[in-house]
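Colleague: Have a peek at upload_37.csv (CSV, C-alpha atoms).
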```
chain,number,residue,atom,x,y,z
A,1,MET,CA,54.6,-267.2,-34.2
A,2,PRO,CA,53.7,-263.7,-32.9
A,3,ASP,CA,54.3,-262.9,-29.3
A,4,PRO,CA,51.8,-264.9,-27.1
A,5,THR,CA,52.0,-262.4,-24.3
A,6,ARG,CA,48.4,-261.8,-23.8
A,7,THR,CA,47.7,-265.5,-23.7
A,8,ASN,CA,50.3,-265.9,-20.9
A,9,ARG,CA,48.6,-263.1,-19.0
A,10,GLU,CA,45.2,-264.7,-19.6
A,11,ASP,CA,46.1,-267.5,-17.2
A,12,ALA,CA,43.3,-266.8,-14.7
A,13,ALA,CA,44.6,-269.3,-12.3
A,14,ALA,CA,47.7,-267.2,-11.5
A,15,PRO,CA,47.3,-264.6,-8.8
A,16,HIS,CA,48.4,-261.0,-9.3
A,17,ILE,CA,52.2,-261.1,-8.9
A,18,PRO,CA,54.4,-258.1,-9.9
A,19,VAL,CA,56.8,-259.0,-12.7
A,20,LEU,CA,60.5,-258.5,-12.5
A,21,LEU,CA,60.0,-256.9,-9.1
A,22,ASP,CA,63.6,-257.2,-7.8
A,23,GLU,CA,65.0,-256.2,-11.2
A,24,VAL,CA,62.8,-253.0,-11.3
A,25,SER,CA,63.9,-252.1,-7.7
A,26,ASP,CA,67.6,-252.6,-8.6
A,27,ALA,CA,67.2,-250.5,-11.8
A,28,LEU,CA,65.5,-247.6,-10.0
A,29,LYS,CA,68.2,-247.7,-7.2
A,30,THR,CA,66.0,-245.7,-4.8
A,31,GLU,CA,67.6,-243.7,-2.0
A,32,GLY,CA,64.7,-241.7,-0.6
A,33,GLY,CA,63.1,-239.0,-2.7
A,34,LEU,CA,59.9,-239.2,-4.8
A,35,ALA,CA,58.8,-242.1,-7.0
A,36,VAL,CA,56.0,-242.1,-9.5
A,37,ASP,CA,54.2,-245.4,-10.2
A,38,GLY,CA,52.4,-244.6,-13.3
A,39,THR,CA,50.5,-247.9,-13.4
A,40,PHE,CA,49.5,-248.6,-9.8
A,41,GLY,CA,47.2,-251.6,-10.5
A,42,ALA,CA,47.2,-253.8,-7.3
A,43,GLY,CA,50.1,-251.7,-5.9
A,44,GLY,CA,52.8,-254.4,-6.2
A,45,TYR,CA,55.6,-252.1,-7.3
A,46,THR,CA,54.5,-249.3,-5.0
A,47,ARG,CA,54.4,-251.6,-2.0
A,48,ALA,CA,57.8,-253.2,-2.8
A,49,LEU,CA,59.5,-249.9,-3.3
A,50,MET,CA,58.2,-248.4,-0.1
A,51,ASP,CA,59.1,-251.6,1.9
A,52,ARG,CA,62.6,-251.6,0.4
A,53,ASP,CA,63.2,-247.8,1.0
A,54,PRO,CA,61.5,-246.4,4.1
A,55,ALA,CA,62.5,-242.9,3.1
A,56,LEU,CA,60.7,-243.1,-0.2
A,57,ARG,CA,57.5,-241.2,-1.1
A,58,VAL,CA,55.3,-242.4,-3.9
A,59,VAL,CA,52.7,-240.7,-6.1
A,60,ALA,CA,50.8,-243.6,-7.8
A,61,ILE,CA,48.5,-243.2,-10.8
A,62,ASP,CA,45.7,-245.4,-12.2
A,63,ARG,CA,42.9,-244.7,-14.6
A,64,ASP,CA,40.8,-247.6,-13.2
A,65,PRO,CA,38.5,-246.5,-10.5
A,66,THR,CA,38.5,-250.1,-9.1
A,67,ALA,CA,42.2,-249.9,-8.5
A,68,ILE,CA,41.9,-246.5,-6.9
A,69,ALA,CA,39.3,-247.8,-4.5
A,70,ALA,CA,41.2,-250.9,-3.7
A,71,GLY,CA,44.4,-249.0,-3.0
A,72,GLN,CA,42.9,-246.8,-0.3
A,73,PRO,CA,43.9,-249.1,2.6
A,74,MET,CA,47.5,-248.9,1.4
A,75,VAL,CA,47.3,-245.1,1.4
A,76,ALA,CA,45.8,-245.1,4.9
A,77,ALA,CA,48.6,-247.4,6.2
A,78,SER,CA,51.4,-245.4,4.5
A,79,GLY,CA,51.8,-242.7,7.1
A,80,GLY,CA,51.5,-240.0,4.4
A,81,ARG,CA,54.1,-241.6,2.1
A,82,LEU,CA,51.7,-242.6,-0.6
A,83,ARG,CA,49.3,-240.5,-2.7
A,84,LEU,CA,47.0,-242.3,-5.1
A,85,VAL,CA,45.8,-240.3,-8.1
A,86,SER,CA,43.1,-241.1,-10.6
A,87,GLY,CA,44.1,-240.4,-14.2
A,88,ARG,CA,46.0,-241.7,-17.3
A,89,PHE,CA,49.7,-242.3,-16.9
A,90,GLY,CA,50.2,-240.5,-20.2
A,91,ASP,CA,49.4,-237.3,-18.2
A,92,LEU,CA,51.7,-238.2,-15.3
A,93,ASP,CA,53.5,-234.8,-15.5
A,94,ALA,CA,50.3,-232.8,-15.2
A,95,LEU,CA,48.9,-235.1,-12.5
A,96,LEU,CA,52.1,-234.8,-10.5
A,97,ALA,CA,52.0,-231.0,-10.8
A,98,ASP,CA,48.4,-231.1,-9.5
A,99,THR,CA,49.7,-232.8,-6.3
A,100,GLY,CA,52.3,-230.1,-5.7
A,101,GLU,CA,55.0,-232.7,-5.8
A,102,GLY,CA,58.1,-233.0,-8.0
A,103,PRO,CA,60.4,-233.2,-9.7
A,104,ALA,CA,60.5,-237.0,-9.5
A,105,ASP,CA,63.5,-239.2,-8.6
A,106,HIS,CA,62.1,-242.4,-10.0
A,107,VAL,CA,59.3,-243.4,-12.5
A,108,VAL,CA,58.1,-246.9,-13.0
A,109,LEU,CA,55.6,-248.0,-15.7
A,110,ASP,CA,54.1,-251.5,-16.0
A,111,ILE,CA,52.5,-251.5,-19.4
A,112,GLY,CA,49.3,-253.4,-20.5
A,113,VAL,CA,46.3,-254.9,-18.9
A,114,SER,CA,46.4,-255.9,-15.3
A,115,SER,CA,45.7,-259.3,-13.8
A,116,MET,CA,42.8,-257.9,-11.9
A,117,GLN,CA,41.2,-256.6,-15.1
A,118,LEU,CA,41.7,-259.9,-16.9
A,119,ASP,CA,40.3,-262.0,-14.1
A,120,ALA,CA,37.1,-260.0,-13.7
A,121,PRO,CA,34.6,-261.3,-16.3
A,122,GLU,CA,32.4,-258.2,-16.0
A,123,ARG,CA,35.3,-256.1,-17.4
A,124,GLY,CA,35.2,-257.9,-20.7
A,125,PHE,CA,38.9,-258.2,-21.2
A,126,SER,CA,39.1,-262.0,-21.4
A,127,PHE,CA,37.4,-264.7,-23.4
A,128,ARG,CA,38.1,-267.2,-20.7
A,129,ASN,CA,34.8,-266.3,-18.9
A,130,ASP,CA,31.8,-264.8,-20.7
A,131,GLY,CA,31.0,-261.2,-19.9
A,132,PRO,CA,30.1,-257.9,-21.5
A,133,LEU,CA,32.3,-256.9,-24.4
A,134,ASP,CA,33.8,-253.9,-22.6
A,135,MET,CA,37.6,-253.7,-22.2
A,136,ARG,CA,37.7,-250.1,-21.0
A,137,MET,CA,40.4,-249.6,-18.4
A,138,GLY,CA,38.9,-246.4,-17.2
A,139,ASN,CA,35.2,-247.3,-17.7
A,140,ASP,CA,34.8,-244.2,-19.9
A,141,GLY,CA,34.5,-243.7,-23.6
A,142,PRO,CA,33.5,-246.2,-26.3
A,143,SER,CA,33.6,-249.8,-25.3
A,144,ALA,CA,34.9,-252.8,-27.4
A,145,ALA,CA,31.3,-253.6,-28.2
A,146,ASP,CA,30.9,-250.1,-29.6
A,147,LEU,CA,34.0,-250.6,-31.8
A,148,VAL,CA,33.0,-254.1,-32.9
A,149,ASN,CA,29.5,-253.1,-33.8
A,150,GLU,CA,30.0,-249.6,-35.3
A,151,ALA,CA,33.5,-249.4,-36.8
A,152,ASP,CA,34.0,-249.7,-40.6
A,153,GLU,CA,35.0,-253.2,-41.6
A,154,THR,CA,38.3,-251.9,-43.0
A,155,VAL,CA,39.1,-250.1,-39.8
A,156,LEU,CA,38.4,-253.2,-37.8
A,157,ALA,CA,40.7,-255.2,-40.0
A,158,ASP,CA,43.5,-252.6,-39.6
A,159,ILE,CA,43.1,-252.6,-35.8
A,160,ILE,CA,43.2,-256.4,-35.6
A,161,TYR,CA,46.1,-256.7,-38.0
A,162,HIS,CA,48.4,-253.9,-36.6
A,163,TYR,CA,47.5,-254.0,-32.9
A,164,GLY,CA,46.7,-257.6,-32.7
A,165,GLU,CA,49.1,-258.9,-35.2
A,166,GLU,CA,46.5,-261.3,-36.5
A,167,ARG,CA,47.2,-262.4,-40.0
A,168,ARG,CA,43.6,-263.4,-40.7
A,169,SER,CA,42.4,-259.9,-39.8
A,170,ARG,CA,40.4,-259.3,-42.9
A,171,ALA,CA,38.6,-262.6,-42.4
A,172,VAL,CA,37.8,-261.8,-38.8
A,173,ALA,CA,36.6,-258.3,-39.7
A,174,ARG,CA,34.4,-259.8,-42.5
A,175,ALA,CA,32.9,-262.3,-40.1
A,176,ILE,CA,32.2,-259.5,-37.6
A,177,HIS,CA,30.6,-257.4,-40.3
A,178,GLU,CA,28.3,-260.3,-41.4
A,179,ALA,CA,27.4,-261.2,-37.8
A,180,ARG,CA,26.4,-257.7,-36.7
A,181,ARG,CA,24.0,-257.5,-39.6
A,182,ARG,CA,22.0,-260.1,-37.7
A,183,GLY,CA,22.3,-258.4,-34.3
A,184,ARG,CA,24.7,-256.7,-32.0
A,185,ILE,CA,27.7,-258.6,-30.7
A,186,GLU,CA,27.6,-257.9,-27.0
A,187,THR,CA,29.6,-260.5,-25.1
A,188,THR,CA,33.1,-261.9,-25.0
A,189,ALA,CA,31.8,-265.4,-25.7
A,190,GLN,CA,30.0,-264.2,-28.8
A,191,LEU,CA,33.1,-262.6,-30.2
A,192,ALA,CA,35.5,-265.4,-29.2
A,193,GLU,CA,33.2,-268.0,-30.9
A,194,LEU,CA,33.0,-265.8,-34.0
A,195,VAL,CA,36.7,-265.5,-34.3
A,196,ALA,CA,37.3,-269.2,-33.7
A,197,GLY,CA,35.2,-269.9,-36.7
A,198,VAL,CA,37.7,-268.2,-39.1
A,199,VAL,CA,41.1,-268.4,-37.3
A,200,ARG,CA,42.8,-271.7,-36.9
A,201,VAL,CA,45.8,-272.3,-34.6
A,202,GLU,CA,48.6,-274.7,-35.0
A,203,PRO,CA,48.1,-278.2,-33.6
A,204,GLY,CA,49.3,-278.4,-30.0
A,205,SER,CA,49.3,-274.6,-29.6
A,206,HIS,CA,47.9,-273.2,-26.3
A,207,ILE,CA,47.0,-269.9,-27.9
A,208,HIS,CA,43.2,-269.4,-28.2
A,209,PRO,CA,42.2,-268.3,-31.8
A,210,ALA,CA,40.7,-265.1,-30.4
A,211,THR,CA,43.8,-264.0,-28.5
A,212,ARG,CA,45.2,-261.6,-31.1
A,213,THR,CA,41.8,-260.1,-32.0
A,214,PHE,CA,41.0,-259.4,-28.3
A,215,GLN,CA,44.5,-257.8,-27.9
A,216,GLY,CA,44.0,-255.5,-30.9
A,217,LEU,CA,40.6,-254.3,-29.8
A,218,ARG,CA,41.8,-253.7,-26.3
A,219,ILE,CA,44.8,-251.7,-27.4
A,220,ALA,CA,42.5,-249.6,-29.7
A,221,VAL,CA,39.8,-249.1,-27.1
A,222,ASN,CA,42.3,-247.8,-24.5
A,223,ASP,CA,44.8,-246.1,-26.9
A,224,GLU,CA,47.4,-248.1,-25.0
A,225,LEU,CA,50.3,-247.4,-27.4
A,226,GLY,CA,49.5,-243.7,-27.6
A,227,GLU,CA,49.4,-243.6,-23.8
A,228,LEU,CA,52.8,-245.2,-23.6
A,229,VAL,CA,54.3,-242.7,-26.0
A,230,ARG,CA,52.9,-239.8,-24.0
A,231,ALA,CA,54.0,-241.4,-20.7
A,232,LEU,CA,57.6,-241.7,-21.8
A,233,HIS,CA,57.7,-238.1,-22.8
A,234,ALA,CA,56.0,-237.1,-19.6
A,235,ALA,CA,58.4,-239.1,-17.5
A,236,GLU,CA,61.3,-237.3,-19.3
A,237,ARG,CA,59.8,-234.0,-18.3
A,238,VAL,CA,59.3,-234.8,-14.6
A,239,LEU,CA,62.5,-236.6,-13.8
A,240,ARG,CA,65.3,-234.7,-12.2
A,241,PRO,CA,68.9,-235.1,-13.5
A,242,GLY,CA,70.1,-238.5,-12.2
A,243,GLY,CA,66.5,-239.8,-11.8
A,244,ARG,CA,65.6,-243.1,-13.3
A,245,LEU,CA,62.8,-244.5,-15.5
A,246,ALA,CA,62.0,-248.2,-15.6
A,247,VAL,CA,59.5,-249.6,-18.0
A,248,VAL,CA,58.2,-253.2,-18.1
A,249,THR,CA,56.5,-254.3,-21.3
A,250,PHE,CA,54.7,-257.6,-22.2
A,251,HIS,CA,54.4,-257.3,-26.0
A,252,SER,CA,56.6,-256.6,-29.0
A,253,LEU,CA,54.6,-253.5,-30.0
A,254,GLU,CA,55.1,-251.9,-26.5
A,255,ASP,CA,58.8,-252.9,-26.3
A,256,ARG,CA,59.5,-251.5,-29.7
A,257,ILE,CA,58.3,-248.1,-28.7
A,258,VAL,CA,60.3,-248.1,-25.4
A,259,LYS,CA,63.4,-249.4,-27.2
A,260,GLN,CA,63.3,-246.7,-29.8
A,261,PHE,CA,62.6,-244.0,-27.3
A,262,PHE,CA,65.6,-244.9,-25.2
A,263,ALA,CA,67.8,-245.4,-28.3
A,264,ALA,CA,66.9,-241.9,-29.6
A,265,ARG,CA,67.2,-240.2,-26.3
A,266,SER,CA,70.6,-241.8,-25.5
A,267,GLY,CA,72.1,-240.9,-28.9
A,268,ARG,CA,72.1,-244.5,-30.2
A,269,SER,CA,69.8,-243.5,-33.2
A,270,GLY,CA,69.5,-240.5,-35.3
A,271,GLN,CA,66.9,-237.8,-34.7
A,272,GLY,CA,65.5,-235.9,-37.7
A,273,SER,CA,64.4,-232.3,-37.8
A,274,ARG,CA,60.6,-231.7,-37.7
A,275,HIS,CA,61.2,-229.0,-40.2
A,276,LEU,CA,63.3,-231.1,-42.6
A,277,PRO,CA,62.2,-234.7,-42.1
A,278,GLY,CA,65.1,-237.1,-42.5
A,279,THR,CA,67.7,-234.3,-42.0
A,280,PRO,CA,70.1,-235.2,-39.1
A,281,VAL,CA,70.2,-232.7,-36.2
A,282,GLU,CA,72.4,-232.5,-33.2
A,283,THR,CA,71.4,-235.3,-30.8
A,284,VAL,CA,70.2,-234.3,-27.3
A,285,ARG,CA,71.0,-237.1,-24.9
A,286,SER,CA,68.4,-236.8,-22.3
A,287,PHE,CA,68.9,-240.3,-21.0
A,288,SER,CA,71.8,-242.7,-20.5
A,289,PRO,CA,71.1,-246.5,-20.4
A,290,VAL,CA,70.9,-248.3,-17.1
A,291,THR,CA,70.1,-251.7,-18.7
A,292,LYS,CA,72.0,-253.1,-21.6
A,293,GLY,CA,69.2,-254.4,-23.8
A,294,PRO,CA,66.1,-255.8,-22.2
A,295,VAL,CA,66.2,-257.6,-18.8
A,296,LEU,CA,64.2,-260.8,-18.9
A,297,PRO,CA,62.7,-262.9,-16.1
A,298,GLY,CA,64.7,-265.9,-14.9
A,299,GLU,CA,63.5,-269.5,-15.1
A,300,ALA,CA,62.5,-269.4,-11.4
A,301,GLU,CA,60.2,-266.4,-11.9
A,302,THR,CA,58.5,-267.8,-15.0
A,303,ALA,CA,57.9,-271.1,-13.3
A,304,ARG,CA,56.4,-269.3,-10.3
A,305,ASN,CA,54.5,-266.8,-12.4
A,306,PRO,CA,53.6,-267.9,-16.0
A,307,ARG,CA,52.5,-264.3,-16.8
A,308,ALA,CA,56.1,-263.2,-16.6
A,309,ARG,CA,57.2,-265.1,-19.6
A,310,SER,CA,57.0,-262.3,-22.1
A,311,ALA,CA,58.1,-259.5,-19.8
A,312,LYS,CA,60.9,-257.2,-20.7
A,313,LEU,CA,62.4,-254.4,-18.5
A,314,ARG,CA,64.3,-251.4,-19.9
A,315,ALA,CA,65.6,-248.6,-17.8
A,316,ALA,CA,67.6,-245.4,-18.2
A,317,GLN,CA,68.8,-242.5,-16.2
A,318,ARG,CA,67.9,-238.8,-16.8
A,319,THR,CA,70.9,-236.6,-17.8
A,320,GLU,CA,71.5,-232.9,-17.2
A,321,SER,CA,70.3,-232.2,-20.7
A,322,ALA,CA,67.2,-230.0,-21.4
A,323,VAL,CA,64.0,-231.7,-22.5
A,324,PRO,CA,64.1,-232.1,-26.3
A,325,GLU,CA,61.2,-232.0,-28.6
A,326,PRO,CA,58.8,-235.0,-28.6
A,327,LEU,CA,59.6,-237.8,-30.9
A,328,THR,CA,56.9,-237.7,-33.6
A,329,ALA,CA,58.2,-241.0,-35.1
A,330,LEU,CA,57.0,-242.7,-31.9
A,331,THR,CA,53.5,-241.3,-32.3
A,332,ASP,CA,53.5,-242.6,-35.8
A,333,LEU,CA,54.6,-246.0,-34.5
A,334,ALA,CA,51.7,-246.1,-32.1
A,335,SER,CA,49.2,-245.2,-34.7
A,336,LEU,CA,47.6,-247.3,-37.5
A,337,PRO,CA,49.8,-246.8,-40.6
A,338,GLU,CA,48.2,-245.2,-43.5
A,339,ALA,CA,49.4,-248.1,-45.6
A,340,ALA,CA,47.0,-250.3,-43.7
A,341,ARG,CA,44.2,-248.8,-45.8
A,342,GLY,CA,45.6,-250.6,-48.8
A,343,GLY,CA,43.9,-253.9,-48.0
A,344,HIS,CA,47.0,-256.0,-48.3
A,345,ARG,CA,46.1,-258.4,-45.5
A,346,ARG,CA,45.1,-262.0,-46.2
```
Using the file provided, produce a representation of the structure as structure tokens.

Modeller:
Amino acid sequence: MPDPTRTNREDAAAPHIPVLLDEVSDALKTEGGLAVDGTFGAGGYTRALMDRDPALRVVAIDRDPTAIAAGQPMVAASGGRLRLVSGRFGDLDALLADTGEGPADHVVLDIGVSSMQLDAPERGFSFRNDGPLDMRMGNDGPSAADLVNEADETVLADIIYHYGEERRSRAVARAIHEARRRGRIETTAQLAELVAGVVRVEPGSHIHPATRTFQGLRIAVNDELGELVRALHAAERVLRPGGRLAVVTFHSLEDRIVKQFFAARSGRSGQGSRHLPGTPVETVRSFSPVTKGPVLPGEAETARNPRARSAKLRAAQRTESAVPEPLTALTDLASLPEAARGGHRR
């Protein structure tokens, strides 16, 4: 069964609780300096890091204007230690430069949709409560409704299959195509009901039939995997030697990208030449591992916070090495494969 991460995070009864908080703090090993929280959200990591290290300064980033507004009291109470910046975490190097701060000593990234976004029906991220089919983290650009109602059926199937890991993607895309001929699909309830008509879950499963479809659309609307790839490279550029990067993921697609990035940058996998693809070149080790494999939440945390069940933490430390060229293979991994156009889905 594919990773049920987004179902876990759809538990609207759970409050917003930062995941793997102690483990992230331990991995970053802050001793003053400057931290960049690339995914501020409700400020859980920022608050914990500042409380733990009174000498630490933080530049926090979020693309969601709601999060920026909600974080202003924390900024006011920080005594000048916190700067809150509106923008995409994939641009964290440029955003940090705009503040006049840097280089960074620590970077933390908490990937995926936030609890606040999931729990707000008007944002359209969740099928638990009916709302407009939106899903935009930054409230700009095309919405999920635009994608559902205007994208080619084949493209929809590709998105739902590769980003949502839904095996019945073609059937879902076909159902959407037929339904929108009768009128626009505008709400989360409309889409969830439509998907439930063609996707069946195993008896006893707690996964809603629409979980994977919603996940795929949300990732596409927000270019989440592309943002992650850009953020990893941006963090590499802003971290000083000895600085640390900690990344928390909630889904296999996200974790695969982080795992491959750290493996390539620490010399644990080959790096090919952009001029001669597949030709080995001298490995530039820009990171050394801090964690050996993923760090998972313990039983106590998952009992306390069901949304932590699928979380994985990976961390690494910046070396003295110069910044190597971006890993184009990761960009390919974050994109829809060309093979998806072949229509091999069921």

Colleague: For a quick check of understanding, using all atoms listed in the file, which of A:Thr328, A:Ser288, A:Thr302, A:Thr249 has the smallest distance to His233 in chain A?

Modeller: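 Closest candidate: A:Thr328.
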
Colleague: Compare A:Glu31, A:Glu320, A:Asp64, A:Asp22 by their minimum atom-to-atom distance to Ala48 in chain A, counting all atoms listed in the file, and give me the closest one.

Modeller: A:Asp22

Colleague: Give the answer as one residue: which of A:Ser169, A:Ala179, A:Gly226, A:Val19 has the shortest atom-to-atom distance to Ala300 in chain A, using all atoms listed in the file?

Modeller: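 So, comparing all the options, the nearest one is A:Val19.
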
Colleague: Return the single residue from A:Leu336, A:Val201, A:Ala144, A:Ala235 that is closest to Arg168 in chain A, with distances computed using only C-alpha atoms.

Modeller: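 Of A:Leu336, A:Val201, A:Ala144, A:Ala235, the one nearest Arg168 in chain A, counting only C-alpha atoms, is A:Val201.
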
Colleague: Choose the residue, out of A:Glu166, A:Asp110, A:Glu224, A:Glu325, that has the smallest atom-to-atom separation from Val195 in chain A; count all atoms listed in the file.

Modeller: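 Distance minimum relative to Val195 in chain A lands on A:Glu166.
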
Colleague: Any idea what's packed within 9 Å of Pro289 in chain A, counting all atoms listed in the file, ignoring anything in its chain fewer than 3 positions away? Could you give it as a compact mmCIF listing (two decimals) with C-alpha atoms, keeping the file's coordinate frame?

Modeller:
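Below you can see selection.txt, which holds the result:
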```txt
# COMPACT_ATOMS: atom_id res chain seq x y z
CA PHE A 262 65.60 -244.90 -25.20
CA ALA A 263 67.80 -245.40 -28.30
CA SER A 266 70.60 -241.80 -25.50
CA LYS A 292 72.00 -253.10 -21.60
CA GLY A 293 69.20 -254.40 -23.80
CA ARG A 314 64.30 -251.40 -19.90
CA ALA A 315 65.60 -248.60 -17.80
CA ALA A 316 67.60 -245.40 -18.20
CA GLN A 317 68.80 -242.50 -16.20
```

Colleague: Between A:Arg268, A:Arg240, A:Lys29, A:Arg218, which is the closest to Asp105 in chain A once you count all atoms listed in the file?

Modeller: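 Using all atoms listed in the file, Asp105 in chain A sits closest to A:Arg240.
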
Colleague: What is the distance between CA of Val199 in chain A and CA of Ser335 in chain A, in Å to one decimal?

Modeller: 24.7 Å

Colleague: Rounded to one decimal in Å, what is the spacing between CA of Gly243 in chain A and CA of Arg47 in chain A?

Modeller: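 Distance reported for this atom pair: 19.5 Å.
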
Colleague: Report, in Å with one decimal, the straight-line distance from CA of Pro241 in chain A to CA of Thr319 in chain A.

Modeller: 5.0 Å
